[in-house]
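What's in target.txt: compact mmCIF, C-alpha atoms
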# COMPACT_ATOMS: atom_id res chain seq x y z
CA MET A 20 -41.71 -103.32 0.82
CA GLY A 21 -41.67 -102.97 4.57
CA VAL A 22 -40.06 -100.14 6.44
CA GLY A 23 -39.58 -99.82 10.17
CA SER A 24 -37.60 -97.91 12.72
CA MET A 25 -36.16 -98.34 16.18
CA ASN A 26 -35.03 -95.79 18.70
CA ILE A 27 -31.38 -95.63 19.61
CA PRO A 28 -30.45 -93.58 22.67
CA SER A 29 -27.62 -91.54 21.26
CA SER A 30 -27.99 -90.08 17.82
CA MET A 31 -26.06 -86.95 17.08
CA SER A 32 -28.49 -84.96 15.05
CA GLY A 33 -31.31 -84.65 17.52
CA ALA A 34 -33.28 -87.11 15.41
CA ALA A 35 -32.70 -90.27 17.40
CA THR A 36 -34.01 -92.71 14.87
CA ILE A 37 -32.23 -95.57 13.22
CA GLN A 38 -34.14 -96.81 10.23
CA THR A 39 -34.35 -100.38 9.17
CA GLN A 40 -35.69 -101.55 5.88
CA LEU A 41 -36.84 -104.83 4.48
CA LEU A 42 -36.77 -105.22 0.74
CA THR A 43 -39.34 -107.74 -0.35
CA THR A 44 -39.18 -109.57 -3.62
CA SER A 45 -40.49 -112.93 -4.72
CA TRP A 46 -38.48 -115.97 -3.80
CA PRO A 47 -38.14 -118.44 -6.68
CA GLY A 48 -38.99 -122.05 -5.94
CA GLY A 49 -40.04 -123.76 -2.76
CA SER A 50 -43.51 -124.42 -1.47
CA GLN A 51 -43.64 -121.28 0.62
CA HIS A 52 -43.57 -117.68 -0.46
CA ARG A 53 -40.46 -116.16 1.00
CA VAL A 54 -38.96 -112.73 0.77
CA ARG A 55 -35.41 -111.54 0.50
CA TRP A 56 -34.17 -109.14 3.12
CA GLN A 57 -31.47 -106.59 3.32
CA TRP A 58 -30.57 -104.71 6.39
CA ARG A 59 -30.30 -100.98 6.77
CA CYS A 60 -29.26 -99.14 9.89
CA GLN A 61 -28.95 -95.50 9.09
CA VAL A 62 -29.07 -92.30 11.07
CA ASP A 63 -31.64 -89.90 9.56
CA GLY A 64 -30.50 -88.65 6.20
CA GLN A 65 -27.33 -90.74 6.01
CA GLY A 66 -26.58 -93.35 3.42
CA VAL A 67 -23.72 -95.17 5.10
CA GLU A 68 -25.02 -98.17 7.02
CA VAL A 69 -23.81 -98.79 10.54
CA PHE A 70 -24.98 -100.56 13.67
CA PRO A 71 -24.43 -98.40 16.76
CA LEU A 72 -22.86 -99.96 19.80
CA LEU A 73 -23.52 -98.96 23.44
CA ALA A 74 -27.24 -99.65 23.11
CA ARG A 75 -26.87 -102.03 26.10
CA THR A 76 -28.75 -104.95 24.58
CA TRP A 77 -27.76 -108.57 24.05
CA ARG A 78 -27.95 -107.97 20.31
CA GLU A 79 -25.23 -105.34 20.61
CA SER A 80 -22.86 -107.73 22.35
CA VAL A 81 -23.58 -110.44 19.78
CA ILE A 82 -22.94 -108.00 16.93
CA GLU A 83 -19.70 -106.92 18.55
CA LYS A 84 -18.69 -110.56 18.88
CA LEU A 85 -19.52 -111.19 15.22
CA SER A 86 -17.44 -108.20 14.17
CA SER A 87 -14.52 -109.56 16.20
CA TYR A 88 -14.53 -112.73 14.06
CA ARG A 89 -12.92 -110.59 11.33
CA SER A 90 -9.66 -110.85 13.23
CA LEU A 91 -9.70 -114.61 13.82
CA PRO A 92 -6.54 -116.07 12.28
CA HIS A 93 -6.39 -118.89 9.76
CA ASN A 94 -6.29 -122.20 11.67
CA TRP A 95 -8.10 -120.58 14.60
CA ASN A 96 -9.46 -124.02 15.62
CA SER A 97 -6.16 -125.89 15.17
CA TYR A 98 -7.75 -127.93 12.37
CA GLY A 99 -6.78 -125.66 9.48
CA SER A 100 -10.09 -123.79 9.21
CA PRO A 101 -10.27 -120.33 7.64
CA PRO A 102 -11.93 -117.59 9.73
CA PRO A 103 -15.60 -116.78 9.02
CA SER A 104 -15.98 -115.10 5.63
CA THR A 105 -16.88 -111.40 5.46
CA LEU A 106 -20.12 -112.35 3.71
CA ALA A 107 -21.09 -114.74 6.51
CA ILE A 108 -20.28 -112.05 9.11
CA GLN A 109 -22.31 -109.40 7.22
CA LYS A 110 -25.29 -111.74 6.86
CA ALA A 111 -25.11 -112.76 10.51
CA ILE A 112 -24.96 -109.13 11.66
CA GLY A 113 -27.90 -108.30 9.42
CA PHE A 114 -29.83 -111.23 10.85
CA VAL A 115 -29.26 -110.07 14.44
CA SER A 116 -29.84 -106.37 13.80
CA VAL A 117 -33.00 -106.64 11.73
CA LEU A 118 -34.64 -109.98 12.25
CA LEU A 119 -34.09 -110.59 15.95
CA ASP A 120 -35.21 -108.43 18.83
CA ASP A 121 -34.14 -108.25 22.43
CA SER A 122 -37.26 -109.97 23.72
CA GLN A 123 -36.24 -113.16 21.94
CA PRO A 124 -33.91 -115.71 23.54
CA ARG A 125 -30.23 -114.95 23.17
CA PRO A 126 -28.47 -117.40 20.87
CA ARG A 127 -25.15 -119.08 21.45
CA VAL A 128 -22.94 -117.84 18.64
CA THR A 129 -19.79 -119.63 17.49
CA PRO A 130 -17.56 -119.67 14.43
CA VAL A 131 -17.64 -123.04 12.69
CA SER A 132 -15.07 -124.94 10.73
CA GLY A 133 -14.98 -124.00 7.05
CA GLY A 134 -15.67 -120.25 7.44
CA GLY A 135 -19.25 -120.10 8.68
CA ILE A 136 -21.02 -118.89 11.83
CA GLN A 137 -23.52 -120.85 13.85
CA PHE A 138 -26.37 -119.61 16.03
CA ASP A 139 -28.09 -122.12 18.27
CA TRP A 140 -30.92 -122.14 20.75
CA SER A 141 -32.29 -124.93 22.89
CA PHE A 142 -35.58 -125.24 24.75
CA GLY A 143 -36.24 -128.45 26.63
CA LYS A 144 -35.28 -131.21 24.20
CA ARG A 145 -35.74 -129.03 21.15
CA GLU A 146 -32.82 -127.44 19.39
CA LEU A 147 -32.60 -124.93 16.59
CA GLU A 148 -29.41 -124.16 14.67
CA ILE A 149 -28.96 -121.50 12.04
CA GLU A 150 -25.65 -121.46 10.21
CA PHE A 151 -24.42 -118.66 7.96
CA LEU A 152 -22.24 -120.39 5.39
CA PRO A 153 -19.14 -118.75 3.82
CA ASP A 154 -20.98 -118.17 0.51
CA GLY A 155 -23.77 -116.25 2.25
CA THR A 156 -26.39 -118.99 2.18
CA ILE A 157 -28.16 -120.01 5.34
CA LYS A 158 -28.66 -123.52 6.68
CA TYR A 159 -31.01 -124.32 9.50
CA ILE A 160 -31.63 -127.50 11.43
CA PHE A 161 -34.59 -128.33 13.69
CA SER A 162 -34.03 -131.10 16.19
CA PRO A 163 -37.24 -132.09 18.00
CA ASP A 164 -35.34 -134.19 20.56
CA TRP A 165 -31.86 -135.41 21.41
CA ASP A 166 -32.31 -138.73 19.59
CA SER A 167 -33.29 -137.18 16.28
CA ASP A 168 -30.99 -136.13 13.45
CA GLY A 169 -33.22 -133.17 12.82
CA ILE A 170 -34.66 -131.57 9.70
CA GLU A 171 -32.26 -129.57 7.57
CA ASP A 172 -32.84 -126.91 4.92
CA THR A 173 -30.62 -124.45 3.07
CA ILE A 174 -31.92 -121.07 1.88
CA ASP A 175 -30.59 -117.74 0.63
CA SER A 176 -32.61 -115.52 2.92
CA VAL A 177 -34.93 -115.51 5.88
CA THR A 178 -37.82 -113.25 6.93
CA ILE A 179 -39.22 -111.87 10.17
CA SER A 180 -42.27 -114.12 9.89
CA GLU A 181 -40.05 -117.15 9.32
CA VAL A 182 -37.98 -116.30 12.39
CA ALA A 183 -41.20 -115.94 14.40
CA ARG A 184 -42.30 -119.38 13.14
CA LEU A 185 -38.96 -120.93 14.13
CA PHE A 186 -39.18 -119.53 17.67
CA GLU A 187 -42.79 -120.60 17.98
CA TRP A 188 -41.76 -124.14 17.04
CA LEU A 189 -38.85 -124.02 19.47
CA THR A 190 -40.83 -122.83 22.48
CA THR A 191 -44.13 -124.68 21.96
CA VAL A 192 -44.12 -128.08 23.65
CA MET B 12 -24.98 -67.17 -8.33
CA ALA B 13 -21.28 -66.72 -7.56
CA ASP B 14 -19.42 -69.79 -6.35
CA ASN B 15 -17.68 -67.87 -3.56
CA VAL B 16 -16.96 -70.67 -1.12
CA PRO B 17 -15.04 -69.34 1.89
CA ILE B 18 -11.51 -70.72 2.16
CA ILE B 19 -11.07 -72.63 5.39
CA ARG B 20 -8.87 -75.42 6.64
CA SER B 21 -8.82 -78.67 4.79
CA TYR B 22 -7.26 -82.13 5.09
CA LYS B 23 -5.53 -84.20 2.43
CA GLN B 24 -6.76 -87.47 3.94
CA ALA B 25 -9.82 -86.53 5.93
CA PRO B 26 -11.58 -89.58 7.42
CA VAL B 27 -14.87 -88.39 5.95
CA ILE B 28 -17.02 -91.15 4.50
CA GLU B 29 -20.19 -89.19 3.83
CA THR B 30 -21.36 -85.61 3.41
CA VAL B 31 -25.00 -84.51 3.44
CA LEU B 32 -26.29 -81.13 2.25
CA SER B 33 -29.95 -80.58 3.07
CA ILE B 34 -32.56 -77.88 2.51
CA GLN B 35 -35.81 -78.12 4.47
CA PHE B 36 -38.86 -76.11 3.48
CA LYS B 37 -42.48 -75.77 4.45
CA PRO B 38 -44.34 -78.85 3.16
CA ILE B 39 -45.59 -78.28 -0.37
CA PRO B 40 -49.28 -79.20 -0.03
CA ASN B 41 -49.86 -80.17 -3.65
CA PHE B 42 -46.67 -82.18 -3.98
CA THR B 43 -48.18 -85.64 -4.43
CA ILE B 44 -46.73 -89.09 -5.14
CA PRO B 45 -46.93 -88.69 -8.95
CA HIS B 46 -44.64 -85.66 -8.64
CA PHE B 47 -41.85 -87.90 -7.36
CA GLY B 48 -42.09 -89.84 -10.61
CA ILE B 49 -42.24 -86.74 -12.79
CA TYR B 50 -39.19 -85.32 -11.01
CA TRP B 51 -37.30 -88.62 -11.27
CA LYS B 52 -37.95 -88.80 -14.99
CA GLN B 53 -36.04 -85.53 -15.38
CA THR B 54 -33.03 -86.84 -13.45
CA LEU B 55 -33.22 -90.48 -14.53
CA ALA B 56 -30.19 -90.38 -16.82
CA GLU B 57 -27.89 -89.41 -13.97
CA PHE B 58 -29.75 -91.05 -11.07
CA PRO B 59 -31.15 -94.29 -12.50
CA GLN B 60 -31.79 -96.14 -9.22
CA SER B 61 -34.43 -95.40 -6.60
CA GLU B 62 -35.23 -96.52 -3.07
CA ILE B 63 -38.15 -95.61 -0.85
CA LYS B 64 -37.53 -94.51 2.75
CA PRO B 65 -39.59 -93.25 5.67
CA PRO B 66 -39.56 -89.44 5.83
CA ILE B 67 -37.19 -87.52 8.07
CA LEU B 68 -39.04 -85.47 10.66
CA HIS B 69 -39.35 -81.75 10.16
CA MET B 70 -36.65 -80.26 12.40
CA ILE B 71 -36.49 -76.64 13.53
CA GLU B 72 -33.76 -75.17 15.72
CA GLU B 73 -35.45 -73.08 18.39
CA PHE B 74 -33.43 -71.01 20.77
CA SER B 75 -35.74 -70.67 23.72
CA ARG B 76 -35.82 -74.38 24.59
CA GLY B 77 -33.48 -76.28 22.26
CA PRO B 78 -34.24 -78.05 19.00
CA SER B 79 -37.73 -79.24 18.27
CA GLN B 80 -38.85 -82.20 16.26
CA ARG B 81 -42.29 -82.21 14.75
CA SER B 82 -44.02 -84.04 12.01
CA SER B 83 -44.48 -82.00 8.89
CA GLY B 84 -47.84 -80.30 8.85
CA ILE B 85 -48.69 -82.20 5.70
CA ASP B 86 -49.28 -85.32 7.84
CA LEU B 87 -52.41 -83.71 9.21
CA GLU B 88 -53.88 -83.08 5.81
CA ILE B 89 -53.17 -86.19 3.82
CA PRO B 90 -52.99 -89.93 4.52
CA THR B 91 -49.80 -91.12 6.22
CA GLU B 92 -48.72 -93.31 3.31
CA ARG B 93 -48.12 -90.18 1.24
CA ALA B 94 -45.46 -88.96 3.67
CA ILE B 95 -42.51 -90.68 2.03
CA ARG B 96 -38.94 -90.03 1.03
CA TYR B 97 -37.25 -91.20 -2.13
CA TRP B 98 -33.59 -91.74 -2.84
CA PHE B 99 -32.48 -91.28 -6.44
CA LEU B 100 -29.01 -92.77 -6.77
CA ASP B 101 -26.32 -92.64 -9.42
CA LYS B 102 -24.92 -95.86 -10.89
CA THR B 103 -22.05 -96.07 -8.43
CA ARG B 104 -24.28 -95.16 -5.43
CA ASN B 105 -21.64 -92.57 -4.50
CA SER B 106 -24.08 -89.70 -4.80
CA PHE B 107 -27.80 -89.49 -4.46
CA ILE B 108 -30.66 -87.07 -4.09
CA GLN B 109 -33.18 -87.50 -1.29
CA LEU B 110 -36.58 -85.96 -1.83
CA GLN B 111 -39.60 -85.68 0.40
CA GLN B 112 -42.45 -83.18 0.59
CA ASP B 113 -40.45 -80.85 2.80
CA ARG B 114 -36.78 -81.67 2.11
CA PHE B 115 -34.26 -81.76 -0.70
CA ILE B 116 -30.98 -83.46 0.16
CA TYR B 117 -27.78 -84.32 -1.67
CA ASN B 118 -25.43 -87.02 -0.33
CA TRP B 119 -21.97 -88.11 -1.29
CA GLN B 120 -20.81 -91.35 0.32
CA ARG B 121 -17.75 -93.55 0.14
CA VAL B 122 -18.94 -96.90 -1.17
CA ILE B 123 -15.59 -98.61 -1.58
CA GLU B 124 -12.31 -97.85 0.14
CA ALA B 125 -10.77 -96.40 -3.03
CA ASP B 126 -13.46 -93.69 -3.42
CA VAL B 127 -11.99 -90.21 -3.08
CA TYR B 128 -13.93 -87.46 -1.28
CA PRO B 129 -14.70 -84.92 -4.01
CA ARG B 130 -14.34 -81.87 -1.68
CA TYR B 131 -16.98 -79.37 -0.64
CA ARG B 132 -16.56 -77.08 -3.63
CA THR B 133 -17.58 -79.93 -5.93
CA THR B 134 -20.50 -81.23 -3.87
CA ARG B 135 -21.78 -77.69 -3.26
CA SER B 136 -21.65 -76.89 -6.95
CA LYS B 137 -23.54 -80.09 -7.77
CA PHE B 138 -26.11 -79.47 -5.05
CA LEU B 139 -26.63 -75.90 -6.28
CA SER B 140 -27.25 -77.16 -9.80
CA GLU B 141 -29.70 -79.85 -8.60
CA TRP B 142 -31.50 -77.41 -6.29
CA GLN B 143 -32.00 -74.95 -9.14
CA LYS B 144 -33.33 -77.74 -11.34
CA PHE B 145 -35.68 -78.81 -8.55
CA CYS B 146 -36.97 -75.24 -8.13
CA ASP B 147 -37.50 -75.02 -11.91
CA PHE B 148 -39.40 -78.32 -11.75
CA LEU B 149 -41.66 -77.00 -8.97
CA GLU B 150 -42.40 -73.89 -11.01
CA SER B 151 -43.12 -75.87 -14.16
CA GLU B 152 -45.57 -78.03 -12.18
CA LYS B 153 -47.14 -74.84 -10.72
CA LEU B 154 -46.16 -75.89 -7.19
CA GLY B 155 -44.55 -72.56 -6.30
CA ARG B 156 -41.19 -71.68 -4.76
CA PRO B 157 -40.11 -73.56 -1.62
CA GLU B 158 -40.23 -71.53 1.59
CA VAL B 159 -36.96 -72.63 3.16
CA ASP B 160 -37.02 -72.82 6.96
CA GLN B 161 -33.80 -74.77 7.76
CA CYS B 162 -30.53 -75.76 6.16
CA GLU B 163 -28.37 -78.63 7.32
CA VAL B 164 -24.86 -79.91 6.66
CA THR B 165 -23.62 -83.26 7.98
CA TYR B 166 -20.17 -84.85 7.75
CA VAL B 167 -19.72 -88.46 8.84
CA ASN B 168 -16.18 -89.58 9.67
CA HIS B 169 -14.98 -93.08 10.42
CA LEU B 170 -11.93 -93.34 12.64
CA GLU B 171 -10.39 -96.77 12.44
CA TYR B 172 -8.76 -98.05 15.60
CA THR B 173 -5.39 -98.68 14.08
CA ALA B 174 -4.91 -95.17 12.69
CA GLY B 175 -3.18 -93.26 15.51
CA TRP B 176 -4.82 -95.15 18.39
CA ASN B 177 -5.68 -98.68 19.44
CA SER B 178 -8.16 -98.58 22.31
CA TYR B 179 -10.43 -96.22 24.21
CA GLY B 180 -7.58 -95.70 26.66
CA ASP B 181 -5.97 -93.83 23.74
CA LEU B 182 -9.05 -91.72 22.99
CA SER B 183 -7.36 -88.58 24.32
CA LYS B 184 -4.87 -88.97 21.44
CA VAL B 185 -7.78 -88.50 19.04
CA VAL B 186 -10.30 -86.26 20.78
CA SER B 187 -8.91 -83.11 22.32
CA TYR B 188 -12.15 -82.76 24.27
CA TRP B 189 -11.54 -85.99 26.19
CA SER B 190 -8.86 -86.19 28.86
CA GLY B 191 -9.55 -89.75 30.01
CA LYS B 192 -8.51 -88.67 33.53
CA THR B 193 -10.31 -89.86 36.65
CA SER B 194 -10.32 -88.40 40.19
CA GLY B 195 -8.99 -91.64 41.66
CA SER B 196 -7.49 -94.87 40.44
CA PHE B 197 -10.47 -97.23 40.75
CA LEU B 198 -11.75 -97.22 37.18
CA PRO B 199 -9.82 -99.01 34.45
CA GLU B 200 -9.66 -97.47 31.00
CA PRO B 201 -13.09 -97.39 29.34
CA GLU B 202 -14.07 -100.21 27.04
CA LYS B 203 -16.23 -97.88 24.92
CA VAL B 204 -17.00 -94.17 24.93
CA ASN B 205 -19.95 -92.24 23.53
CA ILE B 206 -19.87 -88.43 23.45
CA ASN B 207 -22.57 -85.95 22.41
CA ALA B 208 -22.07 -82.20 22.41
CA ARG B 209 -24.10 -79.27 21.10
CA TYR B 210 -22.97 -75.73 20.34
CA VAL B 211 -24.92 -72.57 19.56
CA MET B 212 -23.64 -70.45 16.68
CA PRO B 213 -23.32 -66.70 17.31
CA ASN B 214 -26.51 -64.65 16.88
CA ASN B 215 -28.55 -67.87 17.01
CA GLN B 216 -27.69 -68.66 13.41
CA GLY B 217 -27.97 -72.37 14.19
CA ARG B 218 -26.43 -75.19 16.16
CA LEU B 219 -23.55 -77.57 15.68
CA TYR B 220 -24.03 -81.16 16.93
CA VAL B 221 -20.98 -83.31 17.47
CA SER B 222 -21.16 -86.97 18.39
CA ILE B 223 -18.70 -89.78 18.77
CA GLN B 224 -20.09 -93.27 18.80
CA PRO B 225 -18.62 -96.74 18.32
CA VAL B 226 -20.38 -98.50 15.45
CA ILE B 227 -20.09 -101.62 13.34
CA ARG B 228 -19.80 -100.58 9.68
CA ALA B 229 -22.03 -102.71 7.46
CA ARG B 230 -19.73 -102.53 4.43
CA ASP B 231 -16.96 -104.59 6.02
CA ALA B 232 -18.37 -105.53 9.48
CA MET B 233 -15.51 -103.53 11.02
CA GLU B 234 -15.89 -101.70 14.30
CA VAL B 235 -14.97 -98.02 13.92
CA LEU B 236 -15.50 -94.83 15.86
CA GLN B 237 -18.07 -92.71 14.02
CA LEU B 238 -17.59 -88.96 14.43
CA ASN B 239 -20.63 -87.07 13.17
CA LEU B 240 -20.93 -83.33 12.84
CA THR B 241 -24.22 -81.70 11.89
CA ALA B 242 -24.84 -77.97 11.55
CA ARG B 243 -28.45 -76.85 11.28
CA GLY B 244 -30.11 -73.44 11.20
CA ALA B 245 -32.29 -71.00 9.34
CA PRO B 246 -31.06 -68.97 6.36
CA VAL B 247 -31.84 -65.25 6.20
CA SER B 248 -34.34 -65.89 3.42
CA SER B 249 -35.42 -68.54 0.90
CA LYS B 250 -33.32 -66.94 -1.84
CA THR B 251 -30.83 -69.40 -3.27
CA GLU B 252 -27.91 -67.12 -2.41
CA ASP B 253 -28.97 -66.90 1.25
CA VAL B 254 -29.59 -70.63 1.44
CA PHE B 255 -26.12 -71.44 0.09
CA ASN B 256 -24.52 -68.79 2.27
CA TRP B 257 -25.96 -70.67 5.24
CA LEU B 258 -24.68 -74.00 3.91
CA ASP B 259 -21.22 -72.42 3.61
CA LEU B 260 -21.50 -71.26 7.21
CA GLY B 261 -22.60 -74.73 8.31
CA ARG B 262 -19.72 -76.36 6.49
CA GLN B 263 -17.29 -73.85 8.05
CA TRP B 264 -18.59 -74.76 11.53
CA ILE B 265 -18.18 -78.43 10.74
CA VAL B 266 -14.60 -78.16 9.52
CA GLU B 267 -13.52 -75.78 12.29
CA GLY B 268 -15.50 -77.80 14.84
CA PHE B 269 -13.87 -81.02 13.64
CA THR B 270 -10.46 -79.37 13.95
CA ASP B 271 -11.16 -78.09 17.47
CA PHE B 272 -12.68 -81.37 18.62
CA THR B 273 -9.74 -83.51 17.49
CA THR B 274 -6.05 -83.42 18.40
CA ASN B 275 -3.09 -81.90 16.58
CA GLU B 276 -1.51 -85.36 16.31
CA MET B 277 -4.52 -86.62 14.35
CA HIS B 278 -4.50 -83.45 12.21
CA LYS B 279 -0.96 -84.35 11.10
CA LEU B 280 -2.08 -87.90 10.32
CA TRP B 281 -4.96 -86.57 8.22
CA GLY B 282 -2.74 -84.03 6.46
CA LEU B 283 -4.01 -80.65 7.67
CA GLU B 284 -3.31 -78.26 4.79
CA ALA B 285 -3.88 -74.75 6.11
So, in terms of structure tokens, how does the structure I just supplied come out?
Amino acid sequence: MGVGSMNIPSSMSGAATIQTQLLTTSWPGGSQHRVRWQWRCQVDGQGVEVFPLLARTWRESVIEKLSSYRSLPHNWNSYGSPPPSTLAIQKAIGFVSVLLDDSQPRPRVTPVSGGGIQFDWSFGKRELEIEFLPDGTIKYIFSPDWDSDGIEDTIDSVTISEVARLFEWLTTV
Amino acid sequence: MADNVPIIRSYKQAPVIETVLSIQFKPIPNFTIPHFGIYWKQTLAEFPQSEIKPPILHMIEEFSRGPSQRSSGIDLEIPTERAIRYWFLDKTRNSFIQLQQDRFIYNWQRVIEADVYPRYRTTRSKFLSEWQKFCDFLESEKLGRPEVDQCEVTYVNHLEYTAGWNSYGDLSKVVSYWSGKTSGSFLPEPEKVNINARYVMPNNQGRLYVSIQPVIRARDAMEVLQLNLTARGAPVSSKTEDVFNWLDLGRQWIVEGFTDFTTNEMHKLWGLEA
């Protein structure tokens, strides 16, 4: 089990620490060992999990944007799509708050038809898409160049090391 | 010990989503990792789930230069991996005990919207019972009585934007402390507001910390305004009666502080009772 912490500028108790926690358990199947993650953002001693705003980072604005998807209406795209599911929003917020950091490239974040949320990054001809599906599963697609259909995989969870591997692939020509 | 909780103001529908009662003591040098397991075994029936957490720093309110934060002395004597905190949770996760080498904490939290805040009298009574059991456990393991150096009470409130206000331009309808006025007319209404304030209790009995901070709540990904109040200070002695007298004082400061910090309009909305 991994435990970490990050400093947040304005905690009320004088203990300005927000704790994050990764719960690691074996991932069944697949050729790689993976771990499940859960996110925790808690002021010292508290149980209720929150992500503080006003930290002035790109992650904060992305999280705020994700939260705002709760109020998207049905048929928000004029094609009859439901808004992103609460589970997809929770997973996406967890992904941004725990698995990304502000030194990494900012993703483009958009709701997608069917109730999911898509993150995408591009570097040169390479593109990476991560989609949080309405049922909480995660789909990612690597596209090495514009002519390729890309490589697709669907998983239940993603880890810090896996995110690092994805960004390494994206930014290494 | 008499359950003589002072009668103070209360609210029928307080926006409280979590309360934390905490007793901090000098690190118990011989309290080792196996003791967490022995203690848990005694409380397992009621608190069957556990989670490991990093320890909370040892906090002391000092009145010459503000609060101080220091690692518990035990860090200097034993390997870092032994400085841990455990949560022992009940089945519903509504209440849990937090234990580390220098702290004993009892939390109640709202897990689902329908959960009803059990009121201070109930949580205090439960905490008193668990504290006494913990002290008995320490004695039975020949670890001595805890030397209490600080007590702490925290209330976390979530103010949803639709209940009495809609934007930060309306914040003065919620927080009596905030006027929202500017000297000129250049600035628009704020998009977000973050407030931190600190108060000293008479005779340096402790401090009250009040903060208002916009947060995204993990449970439902909803943005809310989190209003935290924490009272922290030293009891007169380590005797259980003195410790709980301080917790009563801390809770009184939180409730009265909450009332002073927020507006009469919101008090009506929350059903101020006395």
Atom CA of B:Asp147 to atom CA of B:Gln111, distance in Å rounded to a single decimal: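 A separation of 16.4 Å between them.
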Contact residues around B:Tyr97 with only C-alpha atoms at 6 Å, ignoring same-chain residues under 2 positions, as an MDAnalysis selection string: chainID B and resid 62:64 109:110
List every residue of chain B that has an atom at most 7 Å from any atom of chain A, and for each one report the closest atom pair and its distance in Å to one decimal, counting all atoms listed in the file, with rows sorted by chain and then by increasing residue number, as a Markdown table.
| residue | atom | partner | partner_atom | distance |
| --- | --- | --- | --- | --- |
| B:Pro65 | CA | A:Val22 | CA | 6.9 |
| B:Ile67 | CA | A:Asp63 | CA | 6.2 |
| B:Gln120 | CA | A:Val67 | CA | 6.8 |
| B:Asn207 | CA | A:Met31 | CA | 6.4 |
| B:Tyr220 | CA | A:Met31 | CA | 6.1 |
| B:Val221 | CA | A:Met31 | CA | 6.3 |
| B:Ser222 | CA | A:Met31 | CA | 5.1 |
| B:Pro225 | CA | A:Leu72 | CA | 5.5 |
| B:Val226 | CA | A:Pro71 | CA | 4.3 |
| B:Ile227 | CA | A:Phe70 | CA | 5.0 |
| B:Arg228 | CA | A:Val69 | CA | 4.5 |
| B:Ala229 | CA | A:Val69 | CA | 5.3 |
| B:Asp231 | CA | A:Thr105 | CA | 6.8 |
| B:Ala232 | CA | A:Ser86 | CA | 5.5 |
| B:Met233 | CA | A:Ser86 | CA | 6.0 |
| B:Glu234 | CA | A:Ser86 | CA | 6.7 |
| B:Asn239 | CA | A:Met31 | CA | 6.7 |
| B:Thr241 | CA | A:Ser32 | CA | 6.2 |
Atomic distance atom CA of A:Pro153 - atom CA of A:Val115, expressed in Å with one decimal: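 Between atom CA of A:Pro153 and atom CA of A:Val115 the gap is 17.0 Å.
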Near-B:Gln60 list (7 Å; all atoms listed in the file; drop same-chain fewer than 4 positions) as number ranges by chain: B: 99-101
Gap from atom CA of B:Leu219 to atom CA of B:Ile34 - Å, one decimal: 16.0 Å
Which protein, DNA or RNA residues are at most 9 Å from (-13.6, -88.1, 24.9) in the file's coordinates when you count all atoms listed in the file, listed as a PDB file with C-alpha atoms, in the frame of the given file?
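Output below, filename out_9.pdb:
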ATOM      1  CA  TYR B 179     -10.430 -96.220  24.210  1.00  0.00           C
ATOM      2  CA  LEU B 182      -9.050 -91.720  22.990  1.00  0.00           C
ATOM      3  CA  SER B 183      -7.360 -88.580  24.320  1.00  0.00           C
ATOM      4  CA  VAL B 185      -7.780 -88.500  19.040  1.00  0.00           C
ATOM      5  CA  VAL B 186     -10.300 -86.260  20.780  1.00  0.00           C
ATOM      6  CA  SER B 187      -8.910 -83.110  22.320  1.00  0.00           C
ATOM      7  CA  TYR B 188     -12.150 -82.760  24.270  1.00  0.00           C
ATOM      8  CA  TRP B 189     -11.540 -85.990  26.190  1.00  0.00           C
ATOM      9  CA  SER B 190      -8.860 -86.190  28.860  1.00  0.00           C
ATOM     10  CA  GLY B 191      -9.550 -89.750  30.010  1.00  0.00           C
ATOM     11  CA  VAL B 204     -17.000 -94.170  24.930  1.00  0.00           C
ATOM     12  CA  ASN B 205     -19.950 -92.240  23.530  1.00  0.00           C
ATOM     13  CA  ILE B 206     -19.870 -88.430  23.450  1.00  0.00           C
ATOM     14  CA  ILE B 223     -18.700 -89.780  18.770  1.00  0.00           C
TER      15      ILE B 223
END
Pick from B:Glu72, B:Arg130, B:Glu57, B:Gln224 nearest to B:Arg104, counting all atoms listed in the file: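 Counting all atoms listed in the file, the residue closest to B:Arg104 is B:Glu57.
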Expected answer as a list in words: all residues with atoms within 7 Å of (-36.9, -80.6, 4.1), only C-alpha atoms: Ile34, Gln35, Phe36, His69, Gln111, Asp113, Arg114 and Phe115 of chain B
Closest of A:Pro124, A:Pro92, A:Gly143, A:Gly135 to A:Thr156 - atom-to-atom distances counting all atoms listed in the file: A:Gly135
Pick from B:Trp142, B:Tyr117, B:Phe58, B:Trp51, whichever lies nearest to B:Glu252 using all atoms listed in the file: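 Looking at the shortest contact to B:Glu252, the residue is B:Trp142.
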Nearby residues (only C-alpha atoms) at most 7 Å from A:Pro101, same-chain spacing under 3 positions excluded, as a PyMOL selection string: chain A and resi 93-94+133-134
Spatial neighbours of B:Ser21, 12 Å, all atoms listed in the file, chain gap at least 6 places, as a VMD selection string: chain B and resid 27 128 130 to 132 262 to 263 265 to 267 269 to 270 278 to 279 281 to 285
Close residues, B:Leu258 itself excluded, 12 Å, all atoms listed in the file, min 4 positions apart in chain, as a ChimeraX atom specification: /B:15-17,31-35,116,131-132,134-136,138-139,161-165,216-217,241-247,251-254,262-265
Nearest to B:His46, chosen from B:Ala94, B:Leu149, B:Ile28, B:Ile71, with only C-alpha atoms counted in the distances: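 Among the listed residues, B:Leu149 lies closest to B:His46.
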Saved stretch 80-85 of chain A from the preceding structure, C-alpha atoms, as a short mmCIF file (atom, residue, chain, number, x, y, z; two decimals), in the first residue's frame:
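So result.cif came out as:
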data_model
loop_
_atom_site.label_atom_id
_atom_site.label_comp_id
_atom_site.auth_asym_id
_atom_site.auth_seq_id
_atom_site.Cartn_x
_atom_site.Cartn_y
_atom_site.Cartn_z
CA SER A 80 -9.50 23.99 -13.13
CA VAL A 81 -9.89 20.57 -14.75
CA ILE A 82 -11.47 19.18 -11.59
CA GLU A 83 -13.82 22.14 -11.43
CA LYS A 84 -14.76 21.55 -15.06
CA LEU A 85 -15.39 17.85 -14.36
#
